[in-house]
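Below: one structure, written as structure tokens.
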Amino acid sequence: MSAQKDRWVSSFFFLLFCASSIPTHGSARLLQELSPQEYFSSLQAGRASLSYFSHSVSPGAQPFLEQIENSAEALQDYGISVVKVNCPKEDVSRYCVKENALRKAYLFSALLFNEVKYVETLADLQNIENALKGRSNMVFAYVPATGTAEHRAVMEAAFVYGTVHQFVLTTEATLLKDTSNDEPDVSSARLLFCHCQRTTDLAQPCRRTAMEQALTMLNIHRHLKLMGAPLVTEVTEDPEKVSTVHLQLGLPLVFILSQKETYEADRRTAEFVAWQLLGKAGVALLSRDLVDLNVLLRSNVALKTPDEGVPIKYLVLEDTDEVVTLVENKSKVEQIQEDEEEEEEDEGEKENNNQDIQDDQVVEAVSRDKKRELPLEQIRALTEETFHPALLETARTVVLFYASWEAVSLAVLRSYTEVADHLKGTRGVLLSRVNCWDWPGVCTKENVTQFPAIKIYKKGERSVMYDGMWGAEELTSFIMLNRVSCPLKLATIEEAEGYLRGEFPSELSSYHHTSLLGVFSTATSEAREAFKEAGNILSGHVTMGMYFEDDALALSRKYAVSPPALLLARSGGRSVEGIALSKQSVQDMVQMIRYELLDIFPEITVQNLPRYLQLRKPFLILFSDGDIGQMESKEMLKLAKGRPQQAFVACWLNLRKTPVGRGVLKAYFATMPSLPVLIWVKLHAGGQVFKFPSEQSITEMNILSWLEKLKAGLEIPSSTLSEEDWKPPLPAYDFLQMMETAVPELPLHTSHRHGDTPGRHPPENPGGDIMVQEEPSQDTKAEKVGSPGRDLRGTVPRLAAREKQGKRHSEL
């Protein structure tokens, strides 16, 4: 036999049995005589044989052979067969050479040939690996030499586990280097568990998990037990009662906290963590929906140690790298908890002592109230997988796109929860949210690049983007108005009249004050189509009806207009105003409708001020400490309805309802004037502020006379506002681009296919160093195939670490 066959032999024995009491004729029947080829091809798994190799029996060896033959029957009871191997003259193998054929016998186990395969080259190893893919796993061991304690431990493990896993052995140091990413120590034995059963693609190598302990039988047994355990355990009971093979073997158990809305994403995250910790800790997926946990909602990771009596620790971590560090460094648990406690104390001190340095009121408000948990149960969290299926569930799906670490997003999320509570039980409306930090691919596809943003998706129609104020009342009105088609087609004059009175549709009577009805004849189809398109644009902001039946002319004559025309019903239909539609373009019609829907003499609030500022007209504002008097209201209304109304905005402001008005007056005057006070201000042209003479009564005639003097330049302004532009202090952010470039080490969950994402230069970190993402090795690439990324998500808005980046708006 060749020298290579020697390595398959675990050990050999010289067996001499003195069995003279056993009859020779009995043993003769049990003795087999085979050629070397017949013998080695007949070896069977689990069977052992005592073999004697000989060219011819010499007189000196005859007694030895007789003793071997006499022992055949006794050895048979132990499952060992006795074989005489007749060596041909030309056979010069190790077993048949003359010096070895005298008084020597060999005990062969088929395990050495079948359960343990010996390889010398990387190609041999890859061939075995490819043959096992999708079928079974492989245990690959390197030992510096045969006959060592490590070699025996591998052979003993193969005898126990050989029917479960394929064992492969090598003593070639070059092969060990070819299968390692680092520079291995060739003087030490090493064992790798190759997960070939999970790999079906021949182009992908099997994942490998190295055993970090010394190669002893006990350590190998422990390692194979861990490799055979479930990758992720799903927990549906009290985690204190959970026991897994990892805890039994003295390893910790990591819980990834999840909820039903993000189950699939959290499952993939748990699997990714499990691969990183394989052999070091177990990983379990703990559902908040199935287990009642008395812990903070923002906790997303828990750690259970094998130490008896030690309670489970619940933590807030940002990515899976922190989980790995947590397991590898036991002192990290205490450090994280101490950091969280110190952070809460520091933030408490800042909230109490340093609020004066907070220059962003939104960030300040969110920071001050951040310990309050938001009731998000009625708002479904969507992921990349659940986004599109959710759009098909109901007639209308409202989606809030936000970033869980951004202050304005969190402020809007709070308003959104109030909307959800108000609309609880409303049929045909699903309130949902997408955290764009976790799912930027979804936000990119939906053309959402700035946060927050709200869209309403209707089945079979294009989505509608919300562009109004972020208060709960405004959001609720927008969602409810979107439930009705805009414009709403009315079939009869009775329906049209009821619509103008606010009776149709009745479920929206509390969400609007002005109804707008377009009346068209068959000859005005162009204006009708423009009106339809205008309705799509204004959907959610206004109720619009449309009537174009044969008797439309009779309806328009009742209100002294001719089709195409608009009928505006203010205050529940008590007054209907007819307006001719002279312009046919969609944009002109949208602009005209928006203007006509403005109140004639509005009360200015924080919510509606932007609508009137867009008109870019001078403001005639009556500041009042409470409701204005009946006389002033009547005179101002007459003025607003008069001819000069097109030239300016006549309005009033209640300082009790809108206290910010006091700051406005202080900006206009050095001292607070007595109230009520009438102000003329040109915000968009020069910024001049004029004060109506306090000795004159507020009447239409006195105001018109005063305005004439202003026009003639006969009045001196009380003050002049600065020419400072009222733009945001910084431009709007494209957050998706910032997220993808600022943290290159986090593979975010984008939906880009390979080659879709444009290349970017690595950004500089605050310390000035360039952060460069190294090209992963082939083995690393194989481990990350199908991985979900390294960011934890799904359980809570992850604000904690983001706040550490700085709370001042000027630092963003």
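A note on labels: chains of the structure tokens are A, B, ... as shown, every chain counts residues from 1, and ligands are counted from 1 in their shown order.
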
Hey, what's within 7 Å of stretch 652-656 of chain A if we count only C-alpha atoms and toss same-chain stuff fewer than 5 positions away? As a VMD selection string, please? chain A and resid 602 to 604 621 to 627 661 to 662

For A:Glu38, which residue among A:Lys458, A:His223, A:Lys84, A:Arg268 is the nearest when counting only C-alpha atoms?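 Of A:Lys458, A:His223, A:Lys84, A:Arg268, the one nearest A:Glu38, counting only C-alpha atoms, is A:Lys84.
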
Non-local contacts of A:Leu598 (10 Å; only C-alpha atoms; under 3 positions in same chain excluded) as a PyMOL selection string: chain A and resi 514+593-595+601-602+608+611-612

Let's have the selection written as a PDB file, in the first residue's frame, with N, CA, C and O atoms.
ATOM      1  N   THR A 514     -65.984  75.678   4.474  1.00  0.00           N
ATOM      2  CA  THR A 514     -66.343  76.233   3.169  1.00  0.00           C
ATOM      3  C   THR A 514     -66.432  75.099   2.154  1.00  0.00           C
ATOM      4  O   THR A 514     -65.511  74.288   2.029  1.00  0.00           O
ATOM      5  N   ILE A 593     -58.664  79.094  -6.541  1.00  0.00           N
ATOM      6  CA  ILE A 593     -59.440  78.407  -5.511  1.00  0.00           C
ATOM      7  C   ILE A 593     -58.834  78.644  -4.146  1.00  0.00           C
ATOM      8  O   ILE A 593     -59.548  78.925  -3.171  1.00  0.00           O
ATOM      9  N   ARG A 594     -57.513  78.547  -4.050  1.00  0.00           N
ATOM     10  CA  ARG A 594     -56.863  78.780  -2.767  1.00  0.00           C
ATOM     11  C   ARG A 594     -57.129  80.196  -2.255  1.00  0.00           C
ATOM     12  O   ARG A 594     -57.347  80.410  -1.061  1.00  0.00           O
ATOM     13  N   TYR A 595     -57.121  81.153  -3.157  1.00  0.00           N
ATOM     14  CA  TYR A 595     -57.370  82.533  -2.735  1.00  0.00           C
ATOM     15  C   TYR A 595     -58.818  82.717  -2.306  1.00  0.00           C
ATOM     16  O   TYR A 595     -59.102  83.344  -1.280  1.00  0.00           O
ATOM     17  N   PHE A 601     -62.135  88.257   6.506  1.00  0.00           N
ATOM     18  CA  PHE A 601     -61.489  88.991   7.600  1.00  0.00           C
ATOM     19  C   PHE A 601     -61.015  87.950   8.617  1.00  0.00           C
ATOM     20  O   PHE A 601     -61.662  87.693   9.617  1.00  0.00           O
ATOM     21  N   PRO A 602     -59.871  87.322   8.351  1.00  0.00           N
ATOM     22  CA  PRO A 602     -59.462  86.170   9.145  1.00  0.00           C
ATOM     23  C   PRO A 602     -58.799  86.560  10.464  1.00  0.00           C
ATOM     24  O   PRO A 602     -58.240  87.643  10.603  1.00  0.00           O
ATOM     25  N   ASN A 608     -52.401  79.407  10.308  1.00  0.00           N
ATOM     26  CA  ASN A 608     -52.836  79.909   9.004  1.00  0.00           C
ATOM     27  C   ASN A 608     -51.996  81.058   8.470  1.00  0.00           C
ATOM     28  O   ASN A 608     -52.184  81.492   7.332  1.00  0.00           O
ATOM     29  N   ARG A 611     -50.438  80.831   4.845  1.00  0.00           N
ATOM     30  CA  ARG A 611     -51.323  80.992   3.685  1.00  0.00           C
ATOM     31  C   ARG A 611     -51.432  82.448   3.267  1.00  0.00           C
ATOM     32  O   ARG A 611     -51.466  82.776   2.070  1.00  0.00           O
ATOM     33  N   TYR A 612     -51.493  83.335   4.237  1.00  0.00           N
ATOM     34  CA  TYR A 612     -51.664  84.755   3.924  1.00  0.00           C
ATOM     35  C   TYR A 612     -50.342  85.428   3.566  1.00  0.00           C
ATOM     36  O   TYR A 612     -50.318  86.380   2.778  1.00  0.00           O
TER      37      TYR A 612
END

What gap, in Å, lies between atom CA of A:Phe478 and atom CA of A:Arg462?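 Distance between the two atoms: 16.2 Å.
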